[in-house]
Structures are given as C-alpha cells and as structure tokens.
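start_33.cif (mmCIF, C-alpha atoms) appears below.
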```
data_data
#
loop_
_atom_site.group_PDB
_atom_site.id
_atom_site.type_symbol
_atom_site.label_atom_id
_atom_site.label_comp_id
_atom_site.auth_asym_id
_atom_site.auth_seq_id
_atom_site.Cartn_x
_atom_site.Cartn_y
_atom_site.Cartn_z
ATOM 1 C CA MET Q 90 -32.367 -37.651 -2.560
ATOM 2 C CA THR Q 91 -28.941 -38.625 -3.905
ATOM 3 C CA LEU Q 92 -26.868 -36.568 -6.331
ATOM 4 C CA ASP Q 93 -27.631 -39.075 -9.072
ATOM 5 C CA GLN Q 94 -31.386 -38.700 -8.549
ATOM 6 C CA LEU Q 95 -31.046 -34.908 -8.357
ATOM 7 C CA ALA Q 96 -29.125 -34.861 -11.636
ATOM 8 C CA ARG Q 97 -31.815 -36.926 -13.334
ATOM 9 C CA THR Q 98 -34.804 -35.036 -11.990
ATOM 10 C CA HIS Q 99 -33.363 -31.508 -11.930
ATOM 11 C CA PRO Q 100 -30.581 -31.271 -14.546
ATOM 12 C CA ARG Q 101 -30.857 -27.507 -14.735
ATOM 13 C CA VAL Q 102 -29.572 -27.204 -11.179
ATOM 14 C CA PHE Q 103 -26.292 -28.766 -12.259
ATOM 15 C CA ASP Q 104 -26.206 -26.610 -15.381
ATOM 16 C CA TRP Q 105 -26.589 -23.490 -13.232
ATOM 17 C CA GLY Q 106 -23.860 -24.737 -10.901
ATOM 18 C CA ILE Q 107 -21.473 -25.273 -13.815
ATOM 19 C CA ARG Q 108 -22.231 -21.814 -15.207
ATOM 20 C CA LEU Q 109 -21.706 -20.291 -11.794
ATOM 21 C CA ASP Q 110 -18.363 -22.066 -11.402
ATOM 22 C CA ARG Q 111 -17.258 -20.886 -14.841
ATOM 23 C CA ALA Q 112 -18.201 -17.258 -14.226
ATOM 24 C CA PRO Q 113 -15.217 -14.986 -14.965
ATOM 25 C CA ALA Q 114 -13.297 -13.364 -12.141
ATOM 26 C CA ALA Q 115 -14.349 -9.896 -13.310
ATOM 27 C CA ALA Q 116 -18.001 -10.815 -12.773
ATOM 28 C CA TRP Q 117 -17.368 -11.962 -9.196
ATOM 29 C CA LEU Q 118 -15.340 -8.853 -8.363
ATOM 30 C CA ALA Q 119 -17.916 -6.554 -9.973
ATOM 31 C CA LEU Q 120 -20.674 -8.214 -7.944
ATOM 32 C CA GLN Q 121 -18.690 -7.782 -4.731
ATOM 33 C CA ALA Q 122 -17.900 -4.152 -5.553
ATOM 34 C CA ALA Q 123 -21.609 -3.514 -6.161
ATOM 35 C CA ALA Q 124 -22.452 -5.030 -2.775
ATOM 36 C CA LEU Q 125 -20.004 -2.590 -1.169
ATOM 37 C CA ALA Q 126 -21.429 0.429 -3.002
ATOM 38 C CA PRO Q 127 -22.379 2.315 0.228
ATOM 39 C CA THR Q 128 -18.703 2.375 1.198
ATOM 40 C CA TRP Q 129 -17.653 3.820 -2.162
ATOM 41 C CA LEU Q 130 -20.379 6.484 -1.929
ATOM 42 C CA TRP Q 131 -19.163 7.488 1.538
ATOM 43 C CA MET Q 132 -15.573 7.720 0.286
ATOM 44 C CA ALA Q 133 -16.668 9.898 -2.651
ATOM 45 C CA ARG Q 134 -18.636 12.236 -0.380
ATOM 46 C CA ARG Q 135 -15.702 12.570 2.003
ATOM 47 C CA LEU Q 136 -13.426 13.578 -0.856
ATOM 48 C CA GLN Q 137 -15.929 16.036 -2.324
ATOM 49 C CA ASP Q 138 -16.553 17.910 0.916
ATOM 50 C CA GLY Q 139 -12.839 18.567 1.384
ATOM 51 C CA ALA Q 140 -12.593 16.555 4.606
ATOM 52 C CA ASP Q 141 -9.648 14.560 3.304
ATOM 53 C CA ASP Q 142 -6.890 14.585 0.696
ATOM 54 C CA PRO Q 143 -7.563 12.644 -2.526
ATOM 55 C CA LEU Q 144 -4.397 10.565 -2.249
ATOM 56 C CA GLY Q 145 -6.515 7.433 -1.786
ATOM 57 C CA LEU Q 146 -7.423 7.663 -5.474
ATOM 58 C CA LEU Q 147 -3.754 7.046 -6.264
ATOM 59 C CA ALA Q 148 -3.839 3.773 -4.314
ATOM 60 C CA LEU Q 149 -7.113 2.764 -5.986
ATOM 61 C CA GLY Q 150 -5.566 3.481 -9.372
ATOM 62 C CA ALA Q 151 -2.511 1.380 -8.525
ATOM 63 C CA LEU Q 152 -4.752 -1.526 -7.460
ATOM 64 C CA ALA Q 153 -6.811 -1.280 -10.641
ATOM 65 C CA LEU Q 154 -3.684 -1.097 -12.814
ATOM 66 C CA PHE Q 155 -2.156 -4.124 -11.068
ATOM 67 C CA ALA Q 156 -5.367 -6.154 -11.459
ATOM 68 C CA TRP Q 157 -5.532 -5.196 -15.149
ATOM 69 C CA SER Q 158 -1.916 -6.256 -15.676
ATOM 70 C CA LYS Q 159 -2.757 -9.696 -14.220
ATOM 71 C CA ARG Q 160 -6.009 -10.169 -16.132
ATOM 72 C CA ARG Q 161 -4.594 -12.948 -18.336
ATOM 73 C CA SER Q 162 -3.234 -14.923 -15.385
ATOM 74 C CA LEU Q 163 -6.314 -14.846 -13.142
ATOM 75 C CA ARG Q 164 -7.293 -18.237 -11.780
ATOM 76 C CA ALA Q 165 -10.258 -20.022 -13.373
ATOM 77 C CA ALA Q 166 -11.126 -21.553 -9.988
ATOM 78 C CA PRO Q 167 -10.741 -19.137 -7.061
ATOM 79 C CA ARG Q 168 -9.022 -20.093 -3.834
ATOM 80 C CA LEU Q 169 -11.886 -20.931 -1.523
ATOM 81 C CA GLY Q 170 -10.214 -19.609 1.643
ATOM 82 C CA TRP Q 171 -9.776 -16.099 0.270
ATOM 83 C CA LEU Q 172 -13.204 -16.224 -1.374
ATOM 84 C CA ALA Q 173 -14.793 -17.121 1.967
ATOM 85 C CA LEU Q 174 -12.939 -14.231 3.637
ATOM 86 C CA ALA Q 175 -14.161 -11.889 0.912
ATOM 87 C CA ALA Q 176 -17.786 -12.978 1.395
ATOM 88 C CA ALA Q 177 -17.573 -12.765 5.193
ATOM 89 C CA GLY Q 178 -15.877 -9.358 4.996
ATOM 90 C CA THR Q 179 -18.523 -8.019 2.616
ATOM 91 C CA LEU Q 180 -21.322 -9.092 4.965
ATOM 92 C CA ALA Q 181 -19.437 -7.749 7.989
ATOM 93 C CA ALA Q 182 -18.875 -4.372 6.310
ATOM 94 C CA THR Q 183 -22.604 -4.096 5.593
ATOM 95 C CA PHE Q 184 -23.649 -4.999 9.149
ATOM 96 C CA LEU Q 185 -20.968 -2.831 10.747
ATOM 97 C CA ARG Q 186 -22.094 0.153 8.715
ATOM 98 C CA THR Q 187 -25.787 -0.147 9.549
ATOM 99 C CA GLY Q 188 -25.669 -2.011 12.853
ATOM 100 C CA ILE Q 189 -27.580 -5.193 13.611
ATOM 101 C CA GLY Q 190 -29.681 -5.958 16.664
ATOM 102 C CA PRO Q 191 -27.913 -4.841 19.837
ATOM 103 C CA VAL Q 192 -24.687 -4.171 17.946
ATOM 104 C CA PRO Q 193 -24.488 -0.456 17.057
ATOM 105 C CA ALA Q 194 -23.128 0.830 13.779
ATOM 106 C CA LEU Q 195 -19.405 1.539 13.732
ATOM 107 C CA PRO Q 196 -17.867 4.748 12.352
ATOM 108 C CA PRO Q 197 -17.812 4.766 8.544
ATOM 109 C CA LEU Q 198 -14.000 4.630 8.473
ATOM 110 C CA ALA Q 199 -13.969 1.364 10.460
ATOM 111 C CA ALA Q 200 -16.638 -0.174 8.225
ATOM 112 C CA GLY Q 201 -14.736 1.119 5.190
ATOM 113 C CA LEU Q 202 -11.579 -0.601 6.394
ATOM 114 C CA VAL Q 203 -13.409 -3.940 6.511
ATOM 115 C CA ALA Q 204 -14.865 -3.243 3.060
ATOM 116 C CA VAL Q 205 -11.560 -2.530 1.293
ATOM 117 C CA LEU Q 206 -9.913 -5.525 2.958
ATOM 118 C CA ALA Q 207 -12.819 -7.710 1.816
ATOM 119 C CA LEU Q 208 -12.413 -6.467 -1.755
ATOM 120 C CA ALA Q 209 -8.666 -7.142 -1.582
ATOM 121 C CA ALA Q 210 -9.411 -10.681 -0.337
ATOM 122 C CA GLY Q 211 -11.740 -11.181 -3.301
ATOM 123 C CA LEU Q 212 -8.987 -10.068 -5.672
ATOM 124 C CA LEU Q 213 -6.456 -12.362 -3.977
ATOM 125 C CA ALA Q 214 -8.831 -15.295 -4.465
ATOM 126 C CA PHE Q 215 -8.314 -15.018 -8.232
ATOM 127 C CA LEU Q 216 -4.727 -13.780 -8.420
ATOM 128 C CA PRO Q 217 -1.861 -16.256 -8.892
ATOM 129 C CA ARG Q 218 -0.434 -17.741 -5.721
ATOM 130 C CA GLN Q 219 2.921 -16.015 -6.334
ATOM 131 C CA VAL Q 220 1.424 -12.541 -5.761
ATOM 132 C CA ALA Q 221 2.370 -11.169 -2.335
ATOM 133 C CA ARG Q 222 -0.597 -10.573 -0.062
ATOM 134 C CA LEU Q 223 0.692 -7.872 2.304
ATOM 135 C CA PRO Q 224 1.532 -5.184 -0.311
ATOM 136 C CA LEU Q 225 -1.872 -5.683 -1.927
ATOM 137 C CA LEU Q 226 -3.655 -5.378 1.415
ATOM 138 C CA GLY Q 227 -1.525 -2.323 2.177
ATOM 139 C CA LEU Q 228 -2.650 -0.577 -1.002
ATOM 140 C CA ALA Q 229 -6.261 -1.399 -0.138
ATOM 141 C CA VAL Q 230 -5.889 0.262 3.273
ATOM 142 C CA LEU Q 231 -4.171 3.292 1.743
ATOM 143 C CA ALA Q 232 -7.122 3.701 -0.633
ATOM 144 C CA LEU Q 233 -9.258 4.845 2.305
ATOM 145 C CA PRO Q 234 -9.650 8.586 3.007
ATOM 146 C CA LEU Q 235 -7.726 8.356 6.260
ATOM 147 C CA LEU Q 236 -5.187 11.196 6.139
ATOM 148 C CA SER Q 237 -7.331 13.588 8.164
ATOM 149 C CA SER Q 238 -7.933 10.917 10.803
ATOM 150 C CA LEU Q 239 -4.217 10.130 10.967
ATOM 151 C CA GLN Q 240 -3.479 13.822 11.299
ATOM 152 C CA PHE Q 241 -5.971 14.105 14.163
ATOM 153 C CA TYR Q 242 -4.723 11.112 16.154
ATOM 154 C CA ALA Q 243 -1.029 10.855 15.223
ATOM 155 C CA GLY Q 244 -0.208 14.350 13.980
ATOM 156 C CA TYR Q 245 0.621 15.975 17.325
ATOM 157 C CA PRO Q 246 2.853 13.137 18.661
ATOM 158 C CA LEU Q 247 4.752 13.139 15.366
ATOM 159 C CA ARG Q 248 5.177 16.914 15.546
ATOM 160 C CA VAL Q 249 6.588 16.643 19.068
ATOM 161 C CA ILE Q 250 9.043 13.927 18.009
ATOM 162 C CA THR Q 251 10.084 15.972 14.982
ATOM 163 C CA ALA Q 252 10.532 19.124 17.053
ATOM 164 C CA GLU Q 253 12.653 17.328 19.669
ATOM 165 C CA ALA Q 254 14.862 15.703 17.031
ATOM 166 C CA SER Q 255 15.263 19.066 15.290
ATOM 167 C CA ARG Q 256 16.273 20.619 18.605
ATOM 168 C CA TRP Q 257 19.130 18.122 18.928
ATOM 169 C CA LEU Q 258 20.252 18.701 15.353
ATOM 170 C CA LEU Q 259 20.169 22.497 15.645
ATOM 171 C CA ALA Q 260 21.698 22.718 19.147
ATOM 172 C CA PRO Q 261 25.342 23.016 17.951
ATOM 173 C CA GLY Q 262 24.600 26.158 15.932
ATOM 174 C CA PHE Q 263 21.652 27.756 17.726
ATOM 175 C CA SER Q 264 20.222 28.282 21.161
ATOM 176 C CA VAL Q 265 17.129 26.061 20.941
ATOM 177 C CA LEU Q 266 14.365 25.389 23.449
ATOM 178 C CA ARG Q 267 11.316 23.224 22.835
ATOM 179 C CA GLU Q 268 7.855 23.564 24.343
ATOM 180 C CA GLY Q 269 5.303 21.138 22.975
ATOM 181 C CA SER Q 270 5.624 21.228 19.201
ATOM 182 C CA SER Q 271 7.116 24.721 19.159
ATOM 183 C CA LEU Q 272 10.794 25.689 19.073
ATOM 184 C CA LEU Q 273 12.410 28.873 20.364
ATOM 185 C CA VAL Q 274 15.457 29.348 18.116
ATOM 186 C CA ASP Q 275 17.736 32.222 19.163
ATOM 187 C CA GLY Q 276 14.709 34.024 20.574
ATOM 188 C CA ARG Q 277 12.524 33.418 17.512
ATOM 189 C CA LEU Q 278 9.409 31.265 17.928
ATOM 190 C CA VAL Q 279 9.001 28.617 15.237
ATOM 191 C CA ILE Q 280 5.905 26.409 15.302
ATOM 192 C CA VAL Q 281 6.033 22.892 13.878
ATOM 193 C CA ASP Q 282 2.537 22.895 12.372
ATOM 194 C CA ALA Q 283 0.349 20.090 11.024
ATOM 195 C CA PRO Q 284 1.883 19.921 7.507
ATOM 196 C CA CYS Q 285 5.269 19.327 9.168
ATOM 197 C CA SER Q 286 4.045 16.243 11.056
ATOM 198 C CA GLY Q 287 5.071 13.985 8.181
ATOM 199 C CA VAL Q 288 1.705 12.220 7.805
ATOM 200 C CA GLN Q 289 1.574 12.824 4.055
ATOM 201 C CA MET Q 290 5.204 11.767 3.664
ATOM 202 C CA ALA Q 291 4.415 8.577 5.579
ATOM 203 C CA TRP Q 292 1.458 7.855 3.285
ATOM 204 C CA LEU Q 293 3.526 8.366 0.144
ATOM 205 C CA GLY Q 294 6.432 6.377 1.576
ATOM 206 C CA TYR Q 295 4.308 3.341 2.371
ATOM 207 C CA PHE Q 296 2.477 3.678 -0.944
ATOM 208 C CA THR Q 297 5.818 3.566 -2.724
ATOM 209 C CA ALA Q 298 6.851 0.503 -0.699
ATOM 210 C CA CYS Q 299 3.635 -1.399 -1.483
ATOM 211 C CA ALA Q 300 3.605 -0.488 -5.181
ATOM 212 C CA VAL Q 301 7.278 -1.317 -5.766
ATOM 213 C CA ALA Q 302 6.991 -4.574 -3.802
ATOM 214 C CA LEU Q 303 4.134 -5.715 -6.064
ATOM 215 C CA TRP Q 304 6.026 -4.666 -9.179
ATOM 216 C CA ALA Q 305 9.197 -6.399 -8.001
ATOM 217 C CA ARG Q 306 7.254 -9.573 -7.053
ATOM 218 C CA HIS Q 307 8.630 -9.678 -3.536
ATOM 219 C CA GLY Q 308 7.297 -12.238 -1.099
ATOM 220 C CA ASP Q 309 5.476 -11.266 2.070
ATOM 221 C CA ARG Q 310 8.446 -12.110 4.275
ATOM 222 C CA ARG Q 311 10.846 -9.919 2.313
ATOM 223 C CA PHE Q 312 8.343 -7.055 2.240
ATOM 224 C CA LEU Q 313 7.625 -7.294 5.965
ATOM 225 C CA ALA Q 314 11.338 -7.306 6.804
ATOM 226 C CA ARG Q 315 11.792 -3.958 5.037
ATOM 227 C CA LEU Q 316 8.818 -2.133 6.567
ATOM 228 C CA PRO Q 317 10.752 -0.937 9.672
ATOM 229 C CA ALA Q 318 13.372 0.627 7.400
ATOM 230 C CA VAL Q 319 10.590 2.382 5.473
ATOM 231 C CA GLY Q 320 9.281 3.904 8.708
ATOM 232 C CA LEU Q 321 12.754 5.067 9.742
ATOM 233 C CA LEU Q 322 13.379 6.630 6.325
ATOM 234 C CA VAL Q 323 10.110 8.549 6.489
ATOM 235 C CA LEU Q 324 10.750 9.765 10.033
ATOM 236 C CA GLY Q 325 14.345 10.704 9.252
ATOM 237 C CA GLY Q 326 13.391 12.531 6.069
ATOM 238 C CA ASN Q 327 10.728 14.541 7.853
ATOM 239 C CA ILE Q 328 13.162 15.486 10.628
ATOM 240 C CA VAL Q 329 15.776 16.640 8.099
ATOM 241 C CA ARG Q 330 13.218 18.686 6.178
ATOM 242 C CA ASN Q 331 11.908 20.320 9.338
ATOM 243 C CA SER Q 332 15.415 21.028 10.657
ATOM 244 C CA VAL Q 333 16.474 22.771 7.438
ATOM 245 C CA LEU Q 334 13.367 24.948 7.382
ATOM 246 C CA VAL Q 335 13.608 25.795 11.096
ATOM 247 C CA ALA Q 336 17.281 26.695 10.698
ATOM 248 C CA PHE Q 337 16.417 29.301 8.074
ATOM 249 C CA GLU Q 338 13.564 30.608 10.232
ATOM 250 C CA GLY Q 339 15.783 30.783 13.316
ATOM 251 C CA ALA Q 340 18.528 32.593 11.435
ATOM 252 C CA GLY Q 341 16.051 35.246 10.358
ATOM 253 C CA HIS Q 342 16.083 34.211 6.698
ATOM 254 C CA ALA Q 343 12.643 32.696 6.224
ATOM 255 C CA LEU Q 344 12.308 31.011 2.851
ATOM 256 C CA ALA Q 345 9.787 32.178 0.308
ATOM 257 C CA PRO Q 346 6.653 30.006 0.147
ATOM 258 C CA TRP Q 347 7.641 28.483 -3.196
ATOM 259 C CA LEU Q 348 11.131 27.659 -1.934
ATOM 260 C CA HIS Q 349 9.648 26.219 1.254
ATOM 261 C CA GLU Q 350 7.518 23.892 -0.874
ATOM 262 C CA ALA Q 351 10.463 23.066 -3.121
ATOM 263 C CA VAL Q 352 12.577 21.923 -0.166
ATOM 264 C CA GLY Q 353 9.723 19.737 1.069
ATOM 265 C CA LEU Q 354 9.177 18.181 -2.364
ATOM 266 C CA ALA Q 355 12.897 17.554 -2.823
ATOM 267 C CA VAL Q 356 13.154 15.694 0.496
ATOM 268 C CA LEU Q 357 9.965 13.770 -0.284
ATOM 269 C CA ALA Q 358 11.326 12.703 -3.680
ATOM 270 C CA LEU Q 359 14.602 11.635 -2.074
ATOM 271 C CA VAL Q 360 12.843 9.565 0.607
ATOM 272 C CA CYS Q 361 10.521 7.867 -1.891
ATOM 273 C CA GLY Q 362 13.464 7.190 -4.209
ATOM 274 C CA VAL Q 363 15.447 5.499 -1.437
ATOM 275 C CA ILE Q 364 12.392 3.444 -0.469
ATOM 276 C CA ALA Q 365 11.921 2.382 -4.086
ATOM 277 C CA GLN Q 366 15.567 1.375 -4.258
ATOM 278 C CA LEU Q 367 15.188 -0.562 -1.012
ATOM 279 C CA LEU Q 368 12.225 -2.518 -2.389
ATOM 280 C CA ALA Q 369 13.542 -2.849 -5.944
ATOM 281 C CA PRO Q 370 14.364 -6.336 -7.226
ATOM 282 C CA ALA Q 371 17.852 -7.504 -6.430
ATOM 283 C CA ARG Q 372 20.216 -7.500 -9.363
ATOM 284 C CA ARG Q 373 21.585 -10.873 -10.302
ATOM 285 C CA ALA Q 374 25.223 -11.160 -11.189
ATOM 286 C CA ALA Q 375 25.865 -12.036 -14.805
ATOM 287 C CA PHE Q 376 26.857 -15.658 -15.295
ATOM 288 C CA THR Q 377 30.419 -16.077 -16.502
ATOM 289 C CA PRO Q 378 31.232 -19.577 -17.738
ATOM 290 C CA THR Q 379 34.327 -21.130 -16.230
ATOM 291 C CA ALA Q 380 36.867 -22.396 -18.704
ATOM 292 C CA ILE Q 381 37.319 -26.166 -18.495
ATOM 293 C CA PRO Q 382 40.321 -27.817 -20.110
ATOM 294 C CA GLY Q 383 39.259 -29.810 -23.153
ATOM 295 C CA LEU Q 384 35.848 -28.059 -23.489
ATOM 296 C CA ILE Q 385 35.146 -25.580 -26.297
ATOM 297 C CA THR Q 386 33.010 -22.742 -24.900
ATOM 298 C CA THR Q 387 33.365 -20.074 -27.579
ATOM 299 C CA PRO Q 388 30.169 -17.952 -27.710
ATOM 300 C CA GLY Q 389 28.114 -18.838 -30.756
ATOM 301 C CA ALA Q 390 30.046 -22.003 -31.527
ATOM 302 C CA HIS Q 391 28.775 -25.539 -31.266
ATOM 303 C CA ARG Q 392 29.483 -27.307 -28.036
ATOM 304 C CA VAL Q 393 32.084 -30.021 -28.598
ATOM 305 C CA ASP Q 394 33.359 -32.167 -25.762
ATOM 306 C CA THR Q 395 36.877 -33.477 -26.092
ATOM 307 C CA ALA Q 396 38.940 -35.712 -23.916
ATOM 308 C CA LEU Q 397 39.844 -33.925 -20.713
ATOM 309 C CA SER Q 398 43.541 -33.613 -20.156
#
```
Represent the structure of the file as structure tokens.
Amino acid sequence: MTLDQLARTHPRVFDWGIRLDRAPAAAWLALQAAALAPTWLWMARRLQDGADDPLGLLALGALALFAWSKRRSLRAAPRLGWLALAAAGTLAATFLRTGIGPVPALPPLAAGLVAVLALAAGLLAFLPRQVARLPLLGLAVLALPLLSSLQFYAGYPLRVITAEASRWLLAPGFSVLREGSSLLVDGRLVIVDAPCSGVQMAWLGYFTACAVALWARHGDRRFLARLPAVGLLVLGGNIVRNSVLVAFEGAGHALAPWLHEAVGLAVLALVCGVIAQLLAPARRAAFTPTAIPGLITTPGAHRVDTALS
C-alpha cells in the first residue's frame, strides 16, 4: 500500500501523526519524566533516609529554572539525534534497573545516571542549538544523590592528598609528620576527617561552573578548557582551609565550632566566586570611533560625509 492509498483509506492515521508532531515540548518531557518515575522515587527515598545530602535538589532546581527561562525558544521540531538518545536512554535505564534476561540489574545509582542523562538528552532535543551540551549534562549528573558514594570511594584518597599538601605548607613553622590521613603537629595528633576531604566543595565548585557556563552561554569547547582550572581551584581551596585549621589545632588554639565552620564557609565562598569569575562572560571593550578627516562623527548629530582632505 502506497502513502497515497493509505492517506485515502485511513486519513485519521495522518491526522494522528500531525498531532503527534505538533505536540508541545513540555508534553514530550513530561511523558519521559513519567517513564523514569522509578528513578525519581529512588532518589526521594535516598534523601529521606538520610543516606545522602540534598544538594542534588539544587542542581534539579537549576535545570528546571534554565528550562523555564528557555520555554519561549524551544524548538517546534526536536532534533532527532538527541530525541533518539533520550528514548534509548529511557529504555536502558528501565532495563538496567530491573534487569533483563541474563543481564542482572545494576545498582540504582548506575541506572539513575543513565536516567538523568536520558532526561537531559530529551531536553537538549528541544533546546536551541546554541545551548552548550556539557554544562547541561553536568547539572544532570550533579542532580543525583552521589555525595555519599563519592565520599566512600574518593574521600580517603583526597584526605591523604590534603594532609600531605598541608604537611608541606606547615613544615616551615611546625614539626609535622603524616601517617595516612592524620598529622602529628608538634606532638599533637590532628585527624583530617571526612568533612575535610573536599567532596562537598568539589560538588559546589562544579555546580557553580556548570550553572555560570549556561548563564554565560559558553560553548562546550570553552567550558571544557576551563574544567581543569576548576579542579585545581577546588583542591587548592580545600588544602588552604585544612592547613589553616590544622595550624590552629597544632598551636594548641583550637577554633570554636562556629569559627571552624565560618572559616570553611569563607574559603568555599572564595573558591566558588573565583570559579564564577573564571566562567563569567568576557567583557567586550567599548567601541571608540576613530576620527576621520572630513567626516562628522559628533554623537547625536546626523552623519554627513564631506570631501576627504
């Protein structure tokens, strides 16, 4: 049966196809989000039982706010490549969560990663082509409840690196020895514990980078080129914070809990501010017209060309 015969015998099929093609982007995204509902329920349960910090809600809020700000410029016809990735990712997240045939189910965090990336791909299918992809995907990943997992797998190595760097910084003024993630400062034992690993600072630093890059309308190449500097700023800030606190501990003048928190927040604000400045849009120099002999360029006057001398 040809398309012409199908159109004559079954016109409603074409009507349904046209309605489907004209469906608004919000309807497609809502349908995809509903298909991924098991992932959202798992994320909510993980936050309620206290297994993870609720910072992922901040990334979800940033994604929702960005999508809302672009609601008037969403594409009427989605990009098929990103739409196909979104559909494939949604199916993959479902199968990876439950398992299929001989393939066992993956941990919920792995299936959740596929789910949030699939939702980000669905959003990119409707967003204008000028929107950078990497910062948006980064915010989607940061929306996951992954801080406790990062602390488990990367927390101890980061604490060791921080302790060793602090040992070098404190060596000129103290007698410092390191064993594991602990420091012996002038005979006083100071432990670099989990909150001092810098995992939360890393999360907030990369969140700031992704959010500012989207706001500043940076391209993927520009954003990717600045990611190493973001990592170095986070690591350096955490080392400075830890060194200051250990110095007070080693000198026998332990800071009060509120002052300890204040120092940490001050360094965090400084690091995030520098990252925001690094990703902020470049300022363009103001255009100053060059005086040309014989050309009237007085601001507000009519342009009159005269014979050039």
Problem set entry | Residues matched by the PyMOL selection byres ((chain Q and resi 296-304) around 8) as number ranges by chain | Q: 148, 151, 220-221, 224-225, 227-228, 231, 292-295, 305-307, 312, 316, 319, 361, 364-365, 368-369
Problem set entry | Gap from CA of Gly341 in chain Q to CA of Val323 in chain Q - Å, one decimal | 27.6 Å
Exercise. By how many Å are CA of Phe215 in chain Q and CA of Trp129 in chain Q apart?
Worked result: 21.9 Å
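The two atoms in question, CA of Ala355 in chain Q and CA of Gln240 in chain Q, are spaced 21.9 Å apart.
The list of residues with at least one atom within 8 Å of Leu334 in chain Q, based on only C-alpha atoms and without residues fewer than 3 positions apart in the same chain, reads Arg330, Asn331, Phe337, Glu338, Ala343, Leu344 and His349 of chain Q.
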I need the chosen residues saved as a tab-separated table (two decimals), in the frame of the given file, with C-alpha atoms.
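Resulting contents of again34.tsv:
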```
chain	number	residue	atom	x	y	z
Q	330	ARG	CA	13.22	18.69	6.18
Q	331	ASN	CA	11.91	20.32	9.34
Q	337	PHE	CA	16.42	29.30	8.07
Q	338	GLU	CA	13.56	30.61	10.23
Q	343	ALA	CA	12.64	32.70	6.22
Q	344	LEU	CA	12.31	31.01	2.85
Q	349	HIS	CA	9.65	26.22	1.25
```
Shell of 12 Å around range 187-192 of chain Q, all atoms listed in the file, local chain residues under 6 positions omitted, as an mmCIF file with C-alpha atoms, in the coordinates of the input:
```cif
data_model
loop_
_atom_site.group_PDB
_atom_site.id
_atom_site.type_symbol
_atom_site.label_atom_id
_atom_site.label_comp_id
_atom_site.auth_asym_id
_atom_site.auth_seq_id
_atom_site.Cartn_x
_atom_site.Cartn_y
_atom_site.Cartn_z
ATOM 1 C CA PRO Q 127 -22.379 2.315 0.228
ATOM 2 C CA THR Q 128 -18.703 2.375 1.198
ATOM 3 C CA LEU Q 180 -21.322 -9.092 4.965
ATOM 4 C CA ALA Q 181 -19.437 -7.749 7.989
ATOM 5 C CA ALA Q 199 -13.969 1.364 10.460
ATOM 6 C CA ALA Q 200 -16.638 -0.174 8.225
ATOM 7 C CA GLY Q 201 -14.736 1.119 5.190
#
```
For this session: Up to 6 Å from (-6.1, -5.4, 4.7) in the file's coordinates: name the residues, counting only C-alpha atoms, as JSON, numbers by chain.
Result: {"Q": [206, 226, 230]}
Could you list the residues chosen by the PyMOL selection byres ((chain Q and resi 324) around 10) in this structure as a PDB file with C-alpha atoms, keeping the file's coordinate frame?
```pdb
ATOM      1  CA  LEU Q 247       4.752  13.139  15.366  1.00  0.00           C
ATOM      2  CA  ILE Q 250       9.043  13.927  18.009  1.00  0.00           C
ATOM      3  CA  THR Q 251      10.084  15.972  14.982  1.00  0.00           C
ATOM      4  CA  SER Q 286       4.045  16.243  11.056  1.00  0.00           C
ATOM      5  CA  GLY Q 287       5.071  13.985   8.181  1.00  0.00           C
ATOM      6  CA  VAL Q 288       1.705  12.220   7.805  1.00  0.00           C
ATOM      7  CA  MET Q 290       5.204  11.767   3.664  1.00  0.00           C
ATOM      8  CA  ALA Q 291       4.415   8.577   5.579  1.00  0.00           C
ATOM      9  CA  ALA Q 318      13.372   0.627   7.400  1.00  0.00           C
ATOM     10  CA  VAL Q 319      10.590   2.382   5.473  1.00  0.00           C
ATOM     11  CA  GLY Q 320       9.281   3.904   8.708  1.00  0.00           C
ATOM     12  CA  LEU Q 321      12.754   5.067   9.742  1.00  0.00           C
ATOM     13  CA  LEU Q 322      13.379   6.630   6.325  1.00  0.00           C
ATOM     14  CA  VAL Q 323      10.110   8.549   6.489  1.00  0.00           C
ATOM     15  CA  GLY Q 325      14.345  10.704   9.252  1.00  0.00           C
ATOM     16  CA  GLY Q 326      13.391  12.531   6.069  1.00  0.00           C
ATOM     17  CA  ASN Q 327      10.728  14.541   7.853  1.00  0.00           C
ATOM     18  CA  ILE Q 328      13.162  15.486  10.628  1.00  0.00           C
ATOM     19  CA  VAL Q 329      15.776  16.640   8.099  1.00  0.00           C
ATOM     20  CA  VAL Q 360      12.843   9.565   0.607  1.00  0.00           C
TER      21      VAL Q 360
END
```
